[in-house]
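Colleague: Mind having a look at this structure? Questions to follow.
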Amino acid sequence: MNLSAEEMRKKVLEIIDPWRGREGGLIPILQALQGAMGYVAEPAVKIVSEELKIPMSEIYSVATFYAQFHLTPRGRHVVRVCRGTACHVRGSLKILDAIKEQTGCAENGTTEDLRFSLEPVACLGACGLAPVMVVDDQTFGRSAPDGVRAILEQFL
Ligand code: FES
């Protein structure tokens, strides 16, 4: 979501106001920021830091500790490729490479047009379908590198 500086300030103040003078607000605040903006944007962190007198370094150490927080914008679709053992043995690296080649997306990166984010992950719990890729919440099992294009085209 693209907010102007003024809109962002308003949104951030709305999120942090209930936490003024209270302990334990940092994680719920970060969750709410991410929910509102899609990621934990630096200008928003700056406002939280100034308003709640929490050093930026402390906010970032919490945000980077938890995998749930993203510090850069994410794509509209998140593509996960399983890199667990069963999927690896059945060629998930080639699927990952095919996705990188077709989207120009780096591992753990996002395409410039914000269409896709690409995340290699450990076992997705569907080893019988190896190799597995997941786009948003749709699972594609027994996938093959030459089938990647058709899968990605479903997500415009
Ligand atoms: S190793 Fe890929 S789903 Fe389990």
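Residues in the structure tokens are named by chain (A, B, ... in the order shown) and by number from 1 within that chain; ligands are numbered from 1 in the order shown.
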Could you list, as a PyMOL selection string, all residues that come within 6 Å of ligand 1? Count only C-alpha atoms and all ligand atoms.

Modeller: chain A and resi 82+84-87+123-127+130-132

Colleague: Write out, as a compact mmCIF listing (two decimals), in the first residue's frame, the residues just selected, with all heavy atoms.

Modeller:
# COMPACT_ATOMS: atom_id res chain seq x y z
N CYS A 82 9.98 -25.47 -1.83
CA CYS A 82 10.47 -26.29 -0.74
C CYS A 82 11.90 -26.72 -0.99
O CYS A 82 12.24 -27.20 -2.07
CB CYS A 82 9.59 -27.53 -0.57
SG CYS A 82 10.18 -28.52 0.82
N GLY A 84 13.38 -28.69 1.41
CA GLY A 84 13.56 -29.81 2.33
C GLY A 84 14.19 -30.99 1.58
O GLY A 84 14.30 -30.97 0.35
N THR A 85 14.56 -32.03 2.33
CA THR A 85 15.32 -33.13 1.74
C THR A 85 14.57 -33.83 0.62
O THR A 85 15.10 -34.03 -0.47
CB THR A 85 15.68 -34.16 2.84
OG1 THR A 85 16.32 -33.43 3.88
CG2 THR A 85 16.62 -35.22 2.31
N ALA A 86 13.32 -34.21 0.87
CA ALA A 86 12.57 -34.97 -0.15
C ALA A 86 12.46 -34.15 -1.44
O ALA A 86 12.63 -34.67 -2.55
CB ALA A 86 11.19 -35.33 0.38
N CYS A 87 12.17 -32.87 -1.29
CA CYS A 87 12.02 -32.01 -2.47
C CYS A 87 13.37 -31.78 -3.14
O CYS A 87 13.46 -31.75 -4.37
CB CYS A 87 11.36 -30.69 -2.10
SG CYS A 87 9.61 -30.91 -1.71
N CYS A 123 10.95 -27.89 4.69
CA CYS A 123 9.83 -28.79 4.41
C CYS A 123 8.45 -28.15 4.60
O CYS A 123 8.13 -27.60 5.64
CB CYS A 123 9.95 -30.02 5.28
SG CYS A 123 8.61 -31.18 4.99
N LEU A 124 7.64 -28.25 3.56
CA LEU A 124 6.29 -27.68 3.60
C LEU A 124 5.27 -28.70 4.10
O LEU A 124 4.07 -28.44 4.12
CB LEU A 124 5.89 -27.20 2.21
CG LEU A 124 6.56 -25.89 1.75
CD1 LEU A 124 6.50 -25.75 0.25
CD2 LEU A 124 5.89 -24.69 2.41
N GLY A 125 5.74 -29.88 4.44
CA GLY A 125 4.85 -30.88 5.02
C GLY A 125 4.04 -31.64 3.99
O GLY A 125 3.01 -32.22 4.32
N ALA A 126 4.47 -31.61 2.75
CA ALA A 126 3.74 -32.35 1.71
C ALA A 126 4.76 -33.19 0.92
O ALA A 126 4.73 -33.22 -0.30
CB ALA A 126 3.01 -31.38 0.80
N CYS A 127 5.65 -33.85 1.64
CA CYS A 127 6.79 -34.54 1.01
C CYS A 127 6.36 -35.55 -0.04
O CYS A 127 7.06 -35.77 -1.02
CB CYS A 127 7.66 -35.24 2.05
SG CYS A 127 8.06 -34.19 3.45
N ALA A 130 6.52 -34.20 -3.46
CA ALA A 130 7.79 -33.56 -3.83
C ALA A 130 8.07 -33.68 -5.33
O ALA A 130 7.73 -34.71 -5.92
CB ALA A 130 8.93 -34.21 -3.04
N PRO A 131 8.66 -32.67 -5.92
CA PRO A 131 9.01 -31.37 -5.34
C PRO A 131 7.81 -30.41 -5.32
O PRO A 131 7.03 -30.39 -6.24
CB PRO A 131 10.10 -30.86 -6.28
CG PRO A 131 9.79 -31.50 -7.60
CD PRO A 131 9.10 -32.80 -7.31
N VAL A 132 7.75 -29.64 -4.26
CA VAL A 132 6.57 -28.82 -4.01
C VAL A 132 6.89 -27.33 -4.11
O VAL A 132 7.90 -26.87 -3.59
CB VAL A 132 6.03 -29.09 -2.57
CG1 VAL A 132 4.81 -28.23 -2.28
CG2 VAL A 132 5.70 -30.55 -2.40

Colleague: Could you pull the residues within 7 Å of range 29-44 of chain A, counting only C-alpha atoms, minus those fewer than 5 positions along the same chain, as a list in words?

Modeller: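 Near neighbours after the sequence-gap exclusion: Met1, Met8, Val12, Ile15, Ile16, Phe69, His70, Leu71, Thr72, Pro73 and Arg74 of chain A.
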
Colleague: Just list the residues in chain A DSSP gives helix (DSSP H, G or I) on the backbone, as an MDAnalysis selection string.

Modeller: chainID A and resid 5:19 26:37 42:52 56:65 85:89 92:103 127:129 145:153

Colleague: Identify, on the basis of only C-alpha atoms, every residue whose closest approach to range 111-114 of chain A does not exceed 8 Å; exclude the query and any residue fewer than 3 positions from it along the same chain; express the result as number ranges by chain.

Modeller: A: 73-76, 103-106, 117

Colleague: Take the residues that were just selected and, keeping N, CA, C and O atoms, output them as a PDB file, in the first residue's frame.

Modeller:
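New file part_16.pdb:
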ATOM      1  N   PRO A  73       9.257  -4.087   0.885  1.00  0.00           N
ATOM      2  CA  PRO A  73       7.942  -4.384   0.304  1.00  0.00           C
ATOM      3  C   PRO A  73       7.917  -5.796  -0.233  1.00  0.00           C
ATOM      4  O   PRO A  73       8.922  -6.299  -0.722  1.00  0.00           O
ATOM      5  N   ARG A  74       6.781  -6.442  -0.135  1.00  0.00           N
ATOM      6  CA  ARG A  74       6.643  -7.801  -0.656  1.00  0.00           C
ATOM      7  C   ARG A  74       5.776  -7.786  -1.902  1.00  0.00           C
ATOM      8  O   ARG A  74       4.984  -6.884  -2.113  1.00  0.00           O
ATOM      9  N   GLY A  75       5.950  -8.844  -2.691  1.00  0.00           N
ATOM     10  CA  GLY A  75       5.172  -8.959  -3.912  1.00  0.00           C
ATOM     11  C   GLY A  75       3.709  -9.285  -3.609  1.00  0.00           C
ATOM     12  O   GLY A  75       3.381  -9.719  -2.503  1.00  0.00           O
ATOM     13  N   ARG A  76       2.854  -9.074  -4.634  1.00  0.00           N
ATOM     14  CA  ARG A  76       1.432  -9.401  -4.445  1.00  0.00           C
ATOM     15  C   ARG A  76       1.257 -10.900  -4.244  1.00  0.00           C
ATOM     16  O   ARG A  76       0.307 -11.340  -3.613  1.00  0.00           O
ATOM     17  N   THR A 103      11.312 -14.927 -13.583  1.00  0.00           N
ATOM     18  CA  THR A 103      10.796 -13.706 -12.948  1.00  0.00           C
ATOM     19  C   THR A 103      11.887 -12.652 -12.772  1.00  0.00           C
ATOM     20  O   THR A 103      11.589 -11.486 -12.532  1.00  0.00           O
ATOM     21  N   GLY A 104      13.131 -13.076 -12.802  1.00  0.00           N
ATOM     22  CA  GLY A 104      14.233 -12.158 -12.510  1.00  0.00           C
ATOM     23  C   GLY A 104      14.318 -11.878 -11.014  1.00  0.00           C
ATOM     24  O   GLY A 104      14.980 -10.945 -10.582  1.00  0.00           O
ATOM     25  N   CYS A 105      13.642 -12.701 -10.246  1.00  0.00           N
ATOM     26  CA  CYS A 105      13.581 -12.476  -8.799  1.00  0.00           C
ATOM     27  C   CYS A 105      14.720 -13.223  -8.097  1.00  0.00           C
ATOM     28  O   CYS A 105      14.991 -14.376  -8.419  1.00  0.00           O
ATOM     29  N   ALA A 106      15.362 -12.571  -7.157  1.00  0.00           N
ATOM     30  CA  ALA A 106      16.405 -13.244  -6.382  1.00  0.00           C
ATOM     31  C   ALA A 106      15.757 -14.015  -5.229  1.00  0.00           C
ATOM     32  O   ALA A 106      14.609 -13.744  -4.875  1.00  0.00           O
ATOM     33  N   SER A 117       7.230 -12.304  -4.692  1.00  0.00           N
ATOM     34  CA  SER A 117       8.358 -12.469  -3.780  1.00  0.00           C
ATOM     35  C   SER A 117       8.688 -13.951  -3.810  1.00  0.00           C
ATOM     36  O   SER A 117       7.785 -14.787  -3.927  1.00  0.00           O
TER      37      SER A 117
END

Colleague: Could you check which of A:Lys11, A:Ile99, A:Pro18, A:Tyr60 is closest to Val45 in chain A, using only C-alpha atoms?

Modeller: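 With only C-alpha atoms as the atom set, the closest residue is A:Tyr60.
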
Colleague: Rounded to one decimal in Å, what is the spacing between CA of Thr64 in chain A and CA of Met133 in chain A?

Modeller: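 Atom-to-atom, CA of Thr64 in chain A to CA of Met133 in chain A, that is 25.2 Å.
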
Colleague: I'd like the neighbourhood of Ile95 in chain A as a list in words, where a residue qualifies if any of its atoms comes within 7 Å (using only C-alpha atoms), though same-chain residues fewer than 4 positions away should be ignored.

Modeller: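 Neighbouring residues, sequence-local ones excluded: Gly91, Ile99, Ala144 and Pro145 of chain A.
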
Colleague: Would you please extract all strand (DSSP E or B) residues from range 41-98 of chain A, as assigned by DSSP on the backbone, and give them as number ranges by chain?

Modeller: A: 77-82

Colleague: Using N, CA and C atoms, can you export the residues from the last selection as a PDB file, in the first residue's frame?

Modeller:
ATOM      1  N   HIS A  77       2.171 -11.697  -4.812  1.00  0.00           N
ATOM      2  CA  HIS A  77       2.110 -13.150  -4.659  1.00  0.00           C
ATOM      3  C   HIS A  77       3.428 -13.647  -4.077  1.00  0.00           C
ATOM      4  N   VAL A  78       3.324 -14.493  -3.075  1.00  0.00           N
ATOM      5  CA  VAL A  78       4.530 -15.058  -2.474  1.00  0.00           C
ATOM      6  C   VAL A  78       4.704 -16.478  -2.991  1.00  0.00           C
ATOM      7  N   VAL A  79       5.843 -16.710  -3.635  1.00  0.00           N
ATOM      8  CA  VAL A  79       6.146 -18.023  -4.192  1.00  0.00           C
ATOM      9  C   VAL A  79       7.132 -18.701  -3.255  1.00  0.00           C
ATOM     10  N   ARG A  80       6.737 -19.849  -2.736  1.00  0.00           N
ATOM     11  CA  ARG A  80       7.640 -20.591  -1.847  1.00  0.00           C
ATOM     12  C   ARG A  80       8.044 -21.881  -2.544  1.00  0.00           C
ATOM     13  N   VAL A  81       9.328 -22.157  -2.497  1.00  0.00           N
ATOM     14  CA  VAL A  81       9.816 -23.413  -3.072  1.00  0.00           C
ATOM     15  C   VAL A  81      10.420 -24.220  -1.946  1.00  0.00           C
ATOM     16  N   CYS A  82       9.983 -25.470  -1.829  1.00  0.00           N
ATOM     17  CA  CYS A  82      10.471 -26.292  -0.736  1.00  0.00           C
ATOM     18  C   CYS A  82      11.901 -26.722  -0.994  1.00  0.00           C
TER      19      CYS A  82
END

Colleague: Just checking: using only C-alpha atoms, which residue out of A:Met56, A:Val48, A:Leu26, A:Leu118 ends up closest to Arg9 in chain A?

Modeller: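 Closest to Arg9 in chain A, using only C-alpha atoms: A:Val48.
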
Colleague: Of the candidates A:Ser61, A:Ser49, A:Ser143, A:Asn2, which one gets nearest to Ala98 in chain A if we count only C-alpha atoms?

Modeller: A:Ser143

Colleague: Which residue gives the smallest distance to Arg149 in chain A among A:Glu101, A:Asp17, A:Glu6, A:Glu58, with only C-alpha atoms counted?

Modeller: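 Among A:Glu101, A:Asp17, A:Glu6, A:Glu58, it is A:Glu101 that comes nearest to Arg149 in chain A.
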
Colleague: Taking into account only C-alpha atoms, which residue in the set A:His88, A:Leu96, A:Gln102, A:Asp136 is nearest to Ala150 in chain A?

Modeller: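 For Ala150 in chain A, the nearest of the candidates is A:Gln102.
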
Colleague: Give me, please, the distance in Å between CA of Glu107 in chain A and CA of Pro120 in chain A, quoted to one decimal.

Modeller: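 Between CA of Glu107 in chain A and CA of Pro120 in chain A the gap is 6.8 Å.
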